[in-house]
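Student: Contents of upload.tsv (TSV, C-alpha atoms and all ligand atoms) are given next:
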chain	number	residue	atom	x	y	z
A	1	MET	CA	62.38	201.74	-1.11
A	2	LYS	CA	59.22	201.19	0.88
A	3	LEU	CA	57.39	197.91	0.35
A	4	LEU	CA	54.18	196.51	1.73
A	5	LEU	CA	54.37	192.70	1.89
A	6	VAL	CA	50.83	191.36	2.02
A	7	ALA	CA	49.79	188.05	3.59
A	8	GLY	CA	46.30	187.00	4.53
A	9	ALA	CA	45.86	183.27	4.83
A	10	ARG	CA	47.82	180.31	6.11
A	11	PRO	CA	49.55	179.38	2.82
A	12	ASN	CA	50.84	182.96	2.41
A	13	PHE	CA	52.93	183.19	5.54
A	14	MET	CA	55.69	180.75	4.54
A	15	LYS	CA	56.02	182.54	1.18
A	16	ILE	CA	56.32	186.04	2.61
A	17	ALA	CA	58.72	185.10	5.44
A	18	PRO	CA	61.94	184.57	3.43
A	19	ILE	CA	61.30	187.71	1.40
A	20	TYR	CA	60.72	189.79	4.51
A	21	ARG	CA	63.88	188.44	6.13
A	22	ALA	CA	66.05	189.01	3.07
A	23	MET	CA	64.84	192.58	2.73
A	24	SER	CA	65.17	193.32	6.45
A	25	LYS	CA	68.86	192.46	6.23
A	26	LYS	CA	69.40	195.44	3.93
A	27	PRO	CA	67.77	198.36	5.73
A	28	GLU	CA	69.78	200.84	3.69
A	29	ARG	CA	67.86	199.68	0.63
A	30	PHE	CA	64.55	198.22	1.74
A	31	GLN	CA	61.89	199.22	4.21
A	32	PRO	CA	59.60	196.19	4.19
A	33	TYR	CA	56.34	196.32	6.16
A	34	LEU	CA	54.22	193.27	6.86
A	35	VAL	CA	50.53	193.62	6.15
A	36	HIS	CA	48.23	190.90	7.52
A	37	THR	CA	44.72	191.12	6.13
A	38	GLY	CA	43.28	188.83	8.80
A	39	GLN	CA	41.64	186.49	6.26
A	40	HIS	CA	42.85	183.75	8.58
A	41	TYR	CA	42.73	184.73	12.23
A	42	ASP	CA	42.58	181.66	14.52
A	43	PRO	CA	45.93	181.37	16.34
A	44	ASN	CA	46.62	177.98	14.77
A	45	MET	CA	45.91	179.35	11.27
A	46	SER	CA	47.85	182.57	11.73
A	47	ALA	CA	49.82	183.67	14.85
A	48	ASP	CA	51.41	180.22	15.28
A	49	PHE	CA	52.83	180.56	11.77
A	50	PHE	CA	54.30	183.98	12.53
A	51	ARG	CA	55.99	182.45	15.57
A	52	ASP	CA	57.27	179.37	13.73
A	53	LEU	CA	58.53	181.42	10.81
A	54	ASN	CA	60.19	183.91	13.11
A	55	LEU	CA	58.17	186.79	11.71
A	56	PRO	CA	57.47	189.88	13.83
A	57	THR	CA	53.95	191.02	14.66
A	58	PRO	CA	52.53	192.48	11.43
A	59	HIS	CA	52.99	196.23	11.10
A	60	PHE	CA	49.45	196.55	9.74
A	61	PHE	CA	46.55	194.26	10.55
A	62	PHE	CA	43.22	194.60	8.73
A	63	GLU	CA	41.18	192.07	10.71
A	64	VAL	CA	38.85	191.38	7.78
A	65	GLY	CA	37.94	187.90	9.02
A	66	SER	CA	35.71	185.44	7.19
A	67	GLY	CA	32.92	186.21	4.77
A	68	SER	CA	31.61	185.50	1.30
A	69	HIS	CA	34.05	186.11	-1.55
A	70	GLY	CA	32.56	189.52	-2.28
A	71	VAL	CA	32.55	190.62	1.34
A	72	GLN	CA	36.07	189.42	2.05
A	73	THR	CA	37.57	190.78	-1.18
A	74	ALA	CA	35.87	194.14	-0.73
A	75	ALA	CA	36.94	194.43	2.91
A	76	VAL	CA	40.60	193.86	1.99
A	77	MET	CA	40.35	196.36	-0.89
A	78	VAL	CA	38.91	199.11	1.30
A	79	LYS	CA	41.60	198.70	3.96
A	80	MET	CA	44.40	198.26	1.45
A	81	GLU	CA	43.41	201.39	-0.43
A	82	ALA	CA	43.46	203.43	2.78
A	83	LEU	CA	46.84	201.97	3.74
A	84	CYS	CA	48.31	202.73	0.32
A	85	PHE	CA	47.08	206.33	0.57
A	86	ALA	CA	48.61	206.69	4.02
A	87	GLU	CA	51.90	204.87	3.45
A	88	LYS	CA	52.57	205.58	-0.22
A	89	PRO	CA	54.66	202.44	-0.79
A	90	ASP	CA	56.93	202.11	-3.81
A	91	TRP	CA	55.88	198.51	-4.24
A	92	VAL	CA	53.28	196.10	-2.95
A	93	VAL	CA	54.31	192.45	-2.89
A	94	VAL	CA	51.60	189.79	-2.93
A	95	VAL	CA	52.00	186.01	-2.80
A	96	GLY	CA	49.91	183.00	-3.79
A	97	ASP	CA	46.31	182.97	-4.89
A	98	VAL	CA	43.98	183.66	-1.98
A	99	ASN	CA	41.30	186.34	-1.92
A	100	SER	CA	43.65	188.71	-0.08
A	101	THR	CA	46.22	188.37	-2.90
A	102	MET	CA	43.79	189.53	-5.57
A	103	ALA	CA	42.13	192.19	-3.41
A	104	ALA	CA	45.40	193.85	-2.36
A	105	THR	CA	46.58	193.81	-5.98
A	106	LEU	CA	43.42	195.46	-7.27
A	107	ALA	CA	43.54	198.20	-4.65
A	108	ALA	CA	47.22	199.01	-5.20
A	109	VAL	CA	47.28	198.85	-8.99
A	110	LYS	CA	44.33	201.23	-9.25
A	111	LEU	CA	46.30	203.79	-7.25
A	112	GLY	CA	49.23	203.47	-9.64
A	113	ILE	CA	51.35	201.54	-7.13
A	114	ARG	CA	53.51	198.83	-8.61
A	115	VAL	CA	52.70	195.27	-7.57
A	116	ALA	CA	54.93	192.20	-7.65
A	117	HIS	CA	53.24	188.79	-7.57
A	118	VAL	CA	55.25	185.94	-6.12
A	119	GLU	CA	54.05	182.52	-7.35
A	120	ALA	CA	52.67	183.96	-10.57
A	121	GLY	CA	51.61	182.02	-13.64
A	122	LEU	CA	50.14	178.89	-12.08
A	123	ARG	CA	46.96	177.73	-13.78
A	124	SER	CA	44.61	174.84	-13.14
A	125	ARG	CA	42.39	175.91	-16.08
A	126	ASP	CA	39.46	175.26	-13.78
A	127	ARG	CA	37.50	178.44	-13.32
A	128	ARG	CA	35.27	176.80	-10.73
A	129	MET	CA	38.18	177.24	-8.32
A	130	PRO	CA	38.10	180.64	-6.63
A	131	GLU	CA	41.91	180.58	-6.58
A	132	GLU	CA	42.04	180.29	-10.39
A	133	ILE	CA	40.07	183.53	-10.70
A	134	ASN	CA	42.38	185.15	-8.15
A	135	ARG	CA	45.43	183.99	-10.10
A	136	ILE	CA	44.15	185.21	-13.48
A	137	VAL	CA	43.08	188.62	-12.17
A	138	THR	CA	46.27	189.19	-10.16
A	139	ASP	CA	48.59	188.20	-13.00
A	140	SER	CA	46.73	190.25	-15.57
A	141	ILE	CA	47.24	193.51	-13.66
A	142	ALA	CA	50.40	193.09	-11.53
A	143	ASP	CA	53.59	194.74	-12.81
A	144	LEU	CA	56.10	192.02	-12.04
A	145	LEU	CA	55.28	188.32	-12.21
A	146	LEU	CA	57.72	186.05	-10.39
A	147	THR	CA	57.10	182.44	-11.33
A	148	PRO	CA	57.99	179.31	-9.33
A	149	SER	CA	58.34	177.03	-12.37
A	150	ARG	CA	58.81	177.53	-16.08
A	151	ASP	CA	55.30	176.33	-16.93
A	152	GLY	CA	54.21	179.52	-15.16
A	153	ASP	CA	56.10	181.61	-17.73
A	154	ASP	CA	54.51	179.63	-20.56
A	155	ASN	CA	51.03	180.16	-19.16
A	156	LEU	CA	51.56	183.90	-18.84
A	157	ILE	CA	53.01	184.23	-22.33
A	158	GLN	CA	50.03	182.30	-23.73
A	159	GLU	CA	47.78	184.84	-22.04
A	160	GLY	CA	49.54	187.64	-23.89
A	161	ILE	CA	51.51	189.04	-20.96
A	162	PRO	CA	54.70	190.79	-22.12
A	163	LYS	CA	57.89	188.86	-21.38
A	164	GLU	CA	59.40	191.88	-19.62
A	165	ARG	CA	56.93	191.47	-16.79
A	166	ILE	CA	57.76	187.81	-16.21
A	167	CYS	CA	60.66	186.37	-14.29
A	168	PHE	CA	61.20	182.74	-13.37
A	169	VAL	CA	62.72	182.72	-9.89
A	170	GLY	CA	61.85	179.31	-8.41
A	171	ASN	CA	59.85	178.37	-5.37
A	172	VAL	CA	60.28	180.66	-2.41
A	173	MET	CA	58.15	178.47	-0.15
A	174	ILE	CA	60.93	175.89	-0.27
A	175	ASP	CA	63.21	178.50	1.34
A	176	SER	CA	60.98	178.40	4.43
A	177	LEU	CA	60.92	174.63	4.40
A	178	VAL	CA	64.71	174.33	4.11
A	179	ALA	CA	65.21	176.92	6.86
A	180	THR	CA	62.93	174.96	9.17
A	181	LEU	CA	64.32	171.47	8.45
A	182	PRO	CA	66.90	171.53	11.30
A	183	LEU	CA	64.14	172.37	13.79
A	184	LEU	CA	61.88	169.50	12.82
A	185	GLU	CA	63.84	166.85	14.68
A	186	LYS	CA	62.71	168.36	17.97
A	187	VAL	CA	59.03	167.92	17.14
A	188	SER	CA	57.35	164.74	18.42
A	189	LEU	CA	55.65	162.74	15.71
A	190	PRO	CA	51.98	161.93	16.21
A	191	LEU	CA	52.53	158.14	16.01
A	192	SER	CA	55.53	155.91	16.45
A	193	GLY	CA	55.14	153.66	13.37
A	194	ASP	CA	54.14	154.34	9.79
A	195	TYR	CA	51.31	156.76	9.19
A	196	GLY	CA	49.79	158.91	6.46
A	197	VAL	CA	48.78	162.56	6.69
A	198	VAL	CA	45.37	163.66	5.41
A	199	THR	CA	44.32	167.26	4.77
A	200	LEU	CA	41.17	168.39	3.00
A	201	HIS	CA	39.70	171.85	2.72
A	202	ARG	CA	38.75	172.68	-0.87
A	203	PRO	CA	35.14	173.80	-1.17
A	204	SER	CA	34.71	171.34	-4.06
A	205	ASN	CA	35.60	168.46	-1.72
A	206	VAL	CA	34.12	169.47	1.60
A	207	ASP	CA	31.19	171.82	1.09
A	208	GLN	CA	28.66	169.26	-0.26
A	209	SER	CA	27.43	166.46	1.95
A	210	ASP	CA	27.45	163.79	-0.81
A	211	THR	CA	30.99	164.49	-1.95
A	212	LEU	CA	32.37	164.69	1.56
A	213	SER	CA	30.66	161.51	2.63
A	214	GLN	CA	32.01	159.64	-0.44
A	215	LEU	CA	35.45	161.02	0.27
A	216	LEU	CA	35.38	159.63	3.77
A	217	LYS	CA	34.23	156.26	2.44
A	218	ALA	CA	37.24	156.26	0.13
A	219	ILE	CA	39.69	157.24	2.86
A	220	LEU	CA	38.51	154.96	5.68
A	221	PRO	CA	39.75	151.66	4.14
A	222	ILE	CA	43.25	153.13	3.85
A	223	ALA	CA	43.33	153.51	7.64
A	224	ASP	CA	42.87	149.72	7.86
A	225	PHE	CA	46.51	149.28	6.74
A	226	LEU	CA	48.04	152.74	7.37
A	227	PRO	CA	47.04	154.85	10.39
A	228	LEU	CA	45.98	158.30	9.25
A	229	VAL	CA	46.66	161.58	10.98
A	230	PHE	CA	44.15	164.26	9.99
A	231	PRO	CA	44.78	167.86	11.11
A	232	MET	CA	41.48	169.45	10.22
A	233	HIS	CA	40.88	172.84	8.59
A	234	PRO	CA	38.03	174.77	10.28
A	235	ARG	CA	36.01	174.70	7.04
A	236	THR	CA	36.22	170.90	7.00
A	237	ARG	CA	35.42	170.48	10.68
A	238	ALA	CA	32.38	172.74	10.28
A	239	ALA	CA	31.20	170.71	7.26
A	240	LEU	CA	31.68	167.37	9.04
A	241	GLU	CA	29.69	168.67	11.99
A	242	ARG	CA	26.98	170.12	9.74
A	243	PHE	CA	26.56	166.82	7.87
A	244	ASP	CA	26.93	164.71	11.02
A	245	LEU	CA	29.91	162.85	9.56
A	246	LEU	CA	32.34	163.18	12.46
A	247	PRO	CA	31.12	160.00	14.25
A	248	GLN	CA	32.15	157.90	11.20
A	249	LEU	CA	35.68	159.23	11.42
A	250	ASN	CA	35.87	158.98	15.19
A	251	ALA	CA	34.70	155.37	15.06
A	252	HIS	CA	37.79	154.22	13.17
A	253	PRO	CA	40.56	153.30	15.62
A	254	HIS	CA	43.32	154.35	13.22
A	255	ILE	CA	42.06	157.76	12.19
A	256	HIS	CA	43.52	160.43	14.43
A	257	LEU	CA	41.85	163.82	14.24
A	258	TYR	CA	43.69	166.98	15.24
A	259	PRO	CA	43.10	170.71	15.04
A	260	PRO	CA	45.18	172.59	12.44
A	261	GLN	CA	48.86	172.51	13.38
A	262	GLY	CA	51.52	175.22	13.26
A	263	TYR	CA	54.13	175.28	10.51
A	264	GLN	CA	56.91	173.39	12.28
A	265	THR	CA	54.70	170.67	13.70
A	266	PHE	CA	52.93	170.12	10.43
A	267	MET	CA	56.16	170.00	8.44
A	268	ALA	CA	57.61	167.51	10.94
A	269	TRP	CA	54.52	165.30	10.69
A	270	LEU	CA	54.60	165.48	6.91
A	271	LYS	CA	58.32	164.70	6.75
A	272	GLY	CA	57.82	161.68	9.03
A	273	SER	CA	54.90	160.29	7.05
A	274	ARG	CA	54.65	157.50	4.44
A	275	MET	CA	52.31	159.52	2.22
A	276	ALA	CA	50.02	162.53	2.09
A	277	ILE	CA	46.42	162.46	0.94
A	278	THR	CA	45.40	166.03	0.28
A	279	ASP	CA	43.71	168.68	-1.81
A	280	SER	CA	46.15	171.42	-0.81
A	281	GLY	CA	48.35	173.24	-3.32
A	282	GLY	CA	51.25	173.81	-0.94
A	283	ILE	CA	51.42	170.20	0.23
A	284	GLN	CA	51.82	169.01	-3.37
A	285	GLU	CA	54.98	171.13	-3.46
A	286	GLU	CA	56.27	170.30	0.01
A	287	THR	CA	55.92	166.55	-0.54
A	288	THR	CA	57.75	166.90	-3.85
A	289	PHE	CA	60.65	168.55	-2.05
A	290	LEU	CA	60.53	165.99	0.78
A	291	LYS	CA	60.15	163.10	-1.71
A	292	ILE	CA	57.05	161.75	-0.03
A	293	PRO	CA	54.24	160.30	-2.17
A	294	CYS	CA	51.34	162.70	-2.49
A	295	LEU	CA	47.86	161.60	-3.58
A	296	THR	CA	45.92	164.68	-4.57
A	297	LEU	CA	42.15	164.42	-4.49
A	298	ARG	CA	41.48	166.85	-7.29
A	299	GLU	CA	40.61	166.72	-10.99
A	300	ASN	CA	43.43	169.08	-11.90
A	301	THR	CA	46.39	170.91	-10.47
A	302	GLU	CA	47.89	174.32	-11.10
A	303	ARG	CA	51.20	172.74	-10.09
A	304	PRO	CA	51.80	170.11	-12.82
A	305	ILE	CA	55.53	170.19	-12.16
A	306	THR	CA	54.86	168.28	-8.92
A	307	ILE	CA	53.62	165.42	-11.13
A	308	THR	CA	56.26	165.60	-13.87
A	309	HIS	CA	59.23	166.32	-11.56
A	310	GLY	CA	57.90	165.28	-8.20
A	311	THR	CA	55.96	162.78	-6.16
A	312	ASN	CA	52.43	163.96	-6.82
A	313	GLN	CA	49.56	162.09	-8.50
A	314	LEU	CA	46.01	163.21	-9.10
A	315	VAL	CA	43.64	160.57	-7.76
A	316	THR	CA	39.91	159.93	-7.77
A	317	LEU	CA	37.56	158.47	-5.22
A	318	GLU	CA	37.58	155.29	-7.29
A	319	ASN	CA	41.33	154.74	-7.50
A	320	LEU	CA	42.46	156.26	-4.19
A	321	LEU	CA	42.70	152.94	-2.36
A	322	THR	CA	44.71	151.28	-5.16
A	323	LYS	CA	47.04	154.26	-5.42
A	324	ALA	CA	47.56	154.30	-1.66
A	325	LYS	CA	48.46	150.58	-1.69
A	326	GLU	CA	50.86	151.18	-4.59
A	327	ALA	CA	52.47	154.07	-2.73
A	328	MET	CA	53.05	151.76	0.25
A	329	GLU	CA	54.82	149.24	-1.94
A	330	HIS	CA	57.00	151.45	-4.13
A	331	GLN	CA	58.75	154.38	-2.59
A	332	VAL	CA	58.59	157.16	-5.15
A	333	LEU	CA	62.12	158.32	-5.70
A	334	LYS	CA	62.98	160.99	-8.19
A	335	GLU	CA	66.56	162.09	-8.38
A	336	ASN	CA	66.04	165.71	-9.21
A	337	GLY	CA	63.31	167.95	-7.98
A	338	PRO	CA	62.06	170.96	-9.90
A	339	GLU	CA	64.53	173.64	-10.91
A	340	PHE	CA	65.30	176.20	-8.20
A	341	TRP	CA	63.26	174.59	-5.51
A	342	ASP	CA	66.38	174.52	-3.44
A	343	GLY	CA	65.86	176.83	-0.48
A	344	ARG	CA	68.36	179.29	-1.82
A	345	LEU	CA	66.28	181.85	-3.63
A	346	VAL	CA	66.44	184.71	-1.18
A	347	GLY	CA	69.43	185.60	0.90
A	348	GLY	CA	70.82	182.16	0.18
A	349	ALA	CA	74.63	182.20	0.26
A	350	GLY	CA	74.95	185.01	-2.24
A	351	ARG	CA	73.65	183.00	-5.18
A	352	SER	CA	72.20	185.18	-7.80
A	353	VAL	CA	69.12	184.16	-9.63
A	354	LEU	CA	70.50	185.87	-12.68
A	355	LYS	CA	73.57	183.72	-12.69
A	356	ARG	CA	71.54	180.58	-12.50
A	357	HIS	CA	69.18	181.25	-15.37
A	358	GLY	CA	68.29	183.78	-17.97
A	359	CYS	CA	65.40	186.12	-17.28
A	360	GLY	CA	63.80	188.57	-19.64
A	361	GLY	CA	63.58	192.32	-19.32
A	362	ALA	CA	65.56	194.30	-16.82
A	363	TRP	CA	66.84	191.12	-15.22
A	364	GLY	CA	69.21	190.69	-18.10
A	365	ARG	CA	71.16	193.84	-17.32
A	366	PRO	CA	74.79	193.03	-16.67
A	367	GLU	CA	75.01	195.31	-13.62
A	368	ALA	CA	72.38	193.18	-11.96
A	369	GLU	CA	74.34	189.97	-12.23
A	370	ASN	CA	75.59	189.74	-8.72
A	371	ARG	CA	72.40	190.72	-7.03
A	372	GLN	CA	70.49	188.32	-4.86
A	373	TRP	CA	66.88	187.53	-5.44
A	374	GLY	CA	65.83	189.75	-2.56
A	375	GLU	CA	67.07	192.72	-4.51
A	376	TRP	CA	64.94	192.25	-7.59
A	377	LEU	CA	62.91	195.35	-6.96
A	378	LEU	CA	65.99	197.52	-7.12
A	379	VAL	CA	66.98	195.91	-10.35
A	380	ILE	CA	63.77	196.83	-12.09
A	381	ALA	CA	63.19	200.14	-10.29
B	1	LIG	C1	41.63	179.91	1.92
B	1	LIG	C2	41.99	180.15	0.45
B	1	LIG	C3	42.55	178.87	-0.15
B	1	LIG	C4	43.65	178.29	0.71
B	1	LIG	C5	43.18	178.14	2.12
B	1	LIG	C6	44.24	177.60	3.04
B	1	LIG	C7	40.59	181.74	-0.81
B	1	LIG	C8	39.53	181.86	-1.80
B	1	LIG	N1	40.81	180.50	-0.35
B	1	LIG	O1	40.57	178.96	1.94
B	1	LIG	O2	43.05	179.14	-1.43
B	1	LIG	O3	44.06	177.05	0.17
B	1	LIG	O4	42.75	179.42	2.61
B	1	LIG	O5	43.75	177.36	4.32
B	1	LIG	O6	41.22	182.72	-0.47
B	1	LIG	N2	37.99	179.89	9.38
B	1	LIG	C9	38.19	179.81	10.73
B	1	LIG	N3	39.34	180.38	11.23
B	1	LIG	C10	40.25	181.02	10.46
B	1	LIG	C11	40.01	181.09	9.08
B	1	LIG	C12	38.90	180.52	8.55
B	1	LIG	O7	37.41	179.27	11.45
B	1	LIG	O8	41.27	181.50	10.98
B	1	LIG	C13	36.78	179.25	8.81
B	1	LIG	C14	35.63	180.20	8.65
B	1	LIG	O9	34.46	179.51	8.93
B	1	LIG	C15	35.69	180.56	7.18
B	1	LIG	C16	36.19	179.27	6.57
B	1	LIG	O10	37.11	178.74	7.53
B	1	LIG	O11	34.46	180.97	6.69
B	1	LIG	C17	36.90	179.45	5.26
B	1	LIG	O12	37.94	180.42	5.36
B	1	LIG	P1	38.37	181.25	4.05
B	1	LIG	O13	39.55	182.10	4.34
B	1	LIG	O14	37.18	181.91	3.44
B	1	LIG	O15	38.76	180.12	3.03
B	1	LIG	P2	39.65	178.82	3.21
B	1	LIG	O16	38.79	177.64	2.98
B	1	LIG	O17	40.47	178.88	4.45
Would you write out, as structure tokens, the structure that this file holds?
Ligand code: UD1

Tutor:
Amino acid sequence: MKLLLVAGARPNFMKIAPIYRAMSKKPERFQPYLVHTGQHYDPNMSADFFRDLNLPTPHFFFEVGSGSHGVQTAAVMVKMEALCFAEKPDWVVVVGDVNSTMAATLAAVKLGIRVAHVEAGLRSRDRRMPEEINRIVTDSIADLLLTPSRDGDDNLIQEGIPKERICFVGNVMIDSLVATLPLLEKVSLPLSGDYGVVTLHRPSNVDQSDTLSQLLKAILPIADFLPLVFPMHPRTRAALERFDLLPQLNAHPHIHLYPPQGYQTFMAWLKGSRMAITDSGGIQEETTFLKIPCLTLRENTERPITITHGTNQLVTLENLLTKAKEAMEHQVLKENGPEFWDGRLVGGAGRSVLKRHGCGGAWGRPEAENRQWGEWLLVIA
């Protein structure tokens, strides 16, 4: 079975890596090919992740680069269509919710090629987020929807998607995190004492001068009692330069600015931190697994399980300082994390997803019971 595994942007790489590895271990069954759209292209947003995640050079590289949503989506579609014509894959596997996810899905589905979406069903119900549009479109046309949490199944069912297309599998990104944990001890931490990690990159937070400037005003007082380490996304750095806001940040002795970091370094910094202040989706999940308080500067989240079963809180500019002080005083400790966020979804010690929970459709077939997650395509083929 020939599969094209598509990744385009930083948050995709750690989701595709465990799947690629699990499939590569069974060459008699799977021929997985890595497709990198080139949505992210700077070494520290892309190649460093391939190295850290032990992924080979992508078999196909589209080099679409940056652009408006229309330009970027269209560029991926054109290249993906040509690749599908040439390679005739049995399946295309997409992950997450970036423009490349939706574009690759559209191109493949229109050619009659089956598409599996990993991390399906998440919804913020905020259509101002480009990712929400990507999620809705991808899930409405993909053939197999693999959800990381059961709220994902509920969302899809509410949207009228047949149960047979939905399968709750758990969070594959945690497989990458668990696999990398032993390596993190070798990474030097940015500071010797307590510190917090800040990341910001959502257009709604960084693209407007007023919002960004207010955000900085809310964050700066936290650095008075907790040094902050801020690896900066290129979008954010560009905005800070454009609005002449970098000097404010540089002037604070306890704000430490860095370029974006590779996967291992960033995970080590996050694991060693007292709290994260972020607008990222992935970090809400990683902090939940690591049991580190996460203050999310957003009005909503497509990952509510990180609030109900994790360490995440949605915060505002007004209450950020109070919440940060609270997080310093009470360590957030939850006994159990979300179901199947255990690092053992793919290729993990022979555990079968089917044994651990009931799935609809073809997953229920008795002959599939002993299969590992990495074999799901065979099960439904
Ligand atoms: C994208 C995803 C977002 C994800 C984020 C993670 C979409 C709609 N958004 O947002 O869901 O959370 O990735 O990082 O798909 N740039 C560089 N070097 C790079 C890549 C980007 O300098 O390697 C700069 C460019 O100026 C570019 C800007 O960052 O225009 C934004 O990149 P883009 O991929 O459009 O969106 P992100 O903000 O990264």

Student: List all protein, DNA and RNA residues that have any atom at most 6 Å from ligand LIG 1 (chain B), counting all atoms listed in the file, and write the list as a count of residues only.

Tutor: 17

Student: If you count all atoms listed in the file, which residues fall within 9 Å of stretch 144-155 of chain A, apart from same-chain ones fewer than 2 positions away, as a VMD selection string?

Tutor: chain A and resid 114 to 123 139 142 157 to 160 163 to 172 303 to 305 338 to 341

Student: The selected residues should be written to file as a PDB file, in the frame of the given file (atoms: C-alpha atoms).

Tutor:
ATOM      1  CA  ARG A 114      53.510 198.830  -8.610  1.00  0.00           C
ATOM      2  CA  VAL A 115      52.700 195.270  -7.570  1.00  0.00           C
ATOM      3  CA  ALA A 116      54.930 192.200  -7.650  1.00  0.00           C
ATOM      4  CA  HIS A 117      53.240 188.790  -7.570  1.00  0.00           C
ATOM      5  CA  VAL A 118      55.250 185.940  -6.120  1.00  0.00           C
ATOM      6  CA  GLU A 119      54.050 182.520  -7.350  1.00  0.00           C
ATOM      7  CA  ALA A 120      52.670 183.960 -10.570  1.00  0.00           C
ATOM      8  CA  GLY A 121      51.610 182.020 -13.640  1.00  0.00           C
ATOM      9  CA  LEU A 122      50.140 178.890 -12.080  1.00  0.00           C
ATOM     10  CA  ARG A 123      46.960 177.730 -13.780  1.00  0.00           C
ATOM     11  CA  ASP A 139      48.590 188.200 -13.000  1.00  0.00           C
ATOM     12  CA  ALA A 142      50.400 193.090 -11.530  1.00  0.00           C
ATOM     13  CA  ILE A 157      53.010 184.230 -22.330  1.00  0.00           C
ATOM     14  CA  GLN A 158      50.030 182.300 -23.730  1.00  0.00           C
ATOM     15  CA  GLU A 159      47.780 184.840 -22.040  1.00  0.00           C
ATOM     16  CA  GLY A 160      49.540 187.640 -23.890  1.00  0.00           C
ATOM     17  CA  LYS A 163      57.890 188.860 -21.380  1.00  0.00           C
ATOM     18  CA  GLU A 164      59.400 191.880 -19.620  1.00  0.00           C
ATOM     19  CA  ARG A 165      56.930 191.470 -16.790  1.00  0.00           C
ATOM     20  CA  ILE A 166      57.760 187.810 -16.210  1.00  0.00           C
ATOM     21  CA  CYS A 167      60.660 186.370 -14.290  1.00  0.00           C
ATOM     22  CA  PHE A 168      61.200 182.740 -13.370  1.00  0.00           C
ATOM     23  CA  VAL A 169      62.720 182.720  -9.890  1.00  0.00           C
ATOM     24  CA  GLY A 170      61.850 179.310  -8.410  1.00  0.00           C
ATOM     25  CA  ASN A 171      59.850 178.370  -5.370  1.00  0.00           C
ATOM     26  CA  VAL A 172      60.280 180.660  -2.410  1.00  0.00           C
ATOM     27  CA  ARG A 303      51.200 172.740 -10.090  1.00  0.00           C
ATOM     28  CA  PRO A 304      51.800 170.110 -12.820  1.00  0.00           C
ATOM     29  CA  ILE A 305      55.530 170.190 -12.160  1.00  0.00           C
ATOM     30  CA  PRO A 338      62.060 170.960  -9.900  1.00  0.00           C
ATOM     31  CA  GLU A 339      64.530 173.640 -10.910  1.00  0.00           C
ATOM     32  CA  PHE A 340      65.300 176.200  -8.200  1.00  0.00           C
ATOM     33  CA  TRP A 341      63.260 174.590  -5.510  1.00  0.00           C
TER      34      TRP A 341
END

Student: One decimal, in Å: what's the spacing between atom CA of A:Asn300 and atom CA of A:Arg128?

Tutor: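 That distance, rounded to one decimal, is 11.3 Å.
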
Student: Could you tell me how far atom CA of A:Leu215 lies from atom CA of A:Asn44, in Å and to one decimal?

Tutor: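 Between these atoms lies a distance of 25.0 Å.
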
Student: Any idea what's packed within 10 Å of A:Ile277, counting only C-alpha atoms, ignoring anything in its chain fewer than 2 positions away? Could you give it as a ChimeraX atom specification?

Tutor: /A:196-200,219,228,230,275,279-280,283-284,293-297,312-313,315,320,324

Student: Can you work out which one of A:Asn205, A:Gln264, A:Asn336, A:Gln248 has the shortest atom-to-atom distance to A:Phe49, counting all atoms listed in the file?

Tutor: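 Smallest distance to A:Phe49 is found for A:Gln264.
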
Student: Using atom CA of A:Ala103 and atom CA of A:His59 as the two end points, give the distance in Å to one decimal.

Tutor: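 Separation between atom CA of A:Ala103 and atom CA of A:His59: 18.6 Å.
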
Student: Find, counting only C-alpha atoms, the residue in A:Phe85, A:Phe60, A:Tyr258, A:Trp91 that gets nearest to A:Leu111.

Tutor: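 For A:Leu111, the nearest of the given residues is A:Phe85.
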
Student: Using all atoms listed in the file, which of the listed residues (A:Met267, A:Ile174, A:Leu246, A:Ala108) sits closest to A:Lys186?

Tutor: A:Met267

Student: Restricting the calculation to all atoms listed in the file: of A:Met129, A:Ile19, A:Leu34, A:Leu4, which residue gets closest to A:Ser204?

Tutor: A:Met129
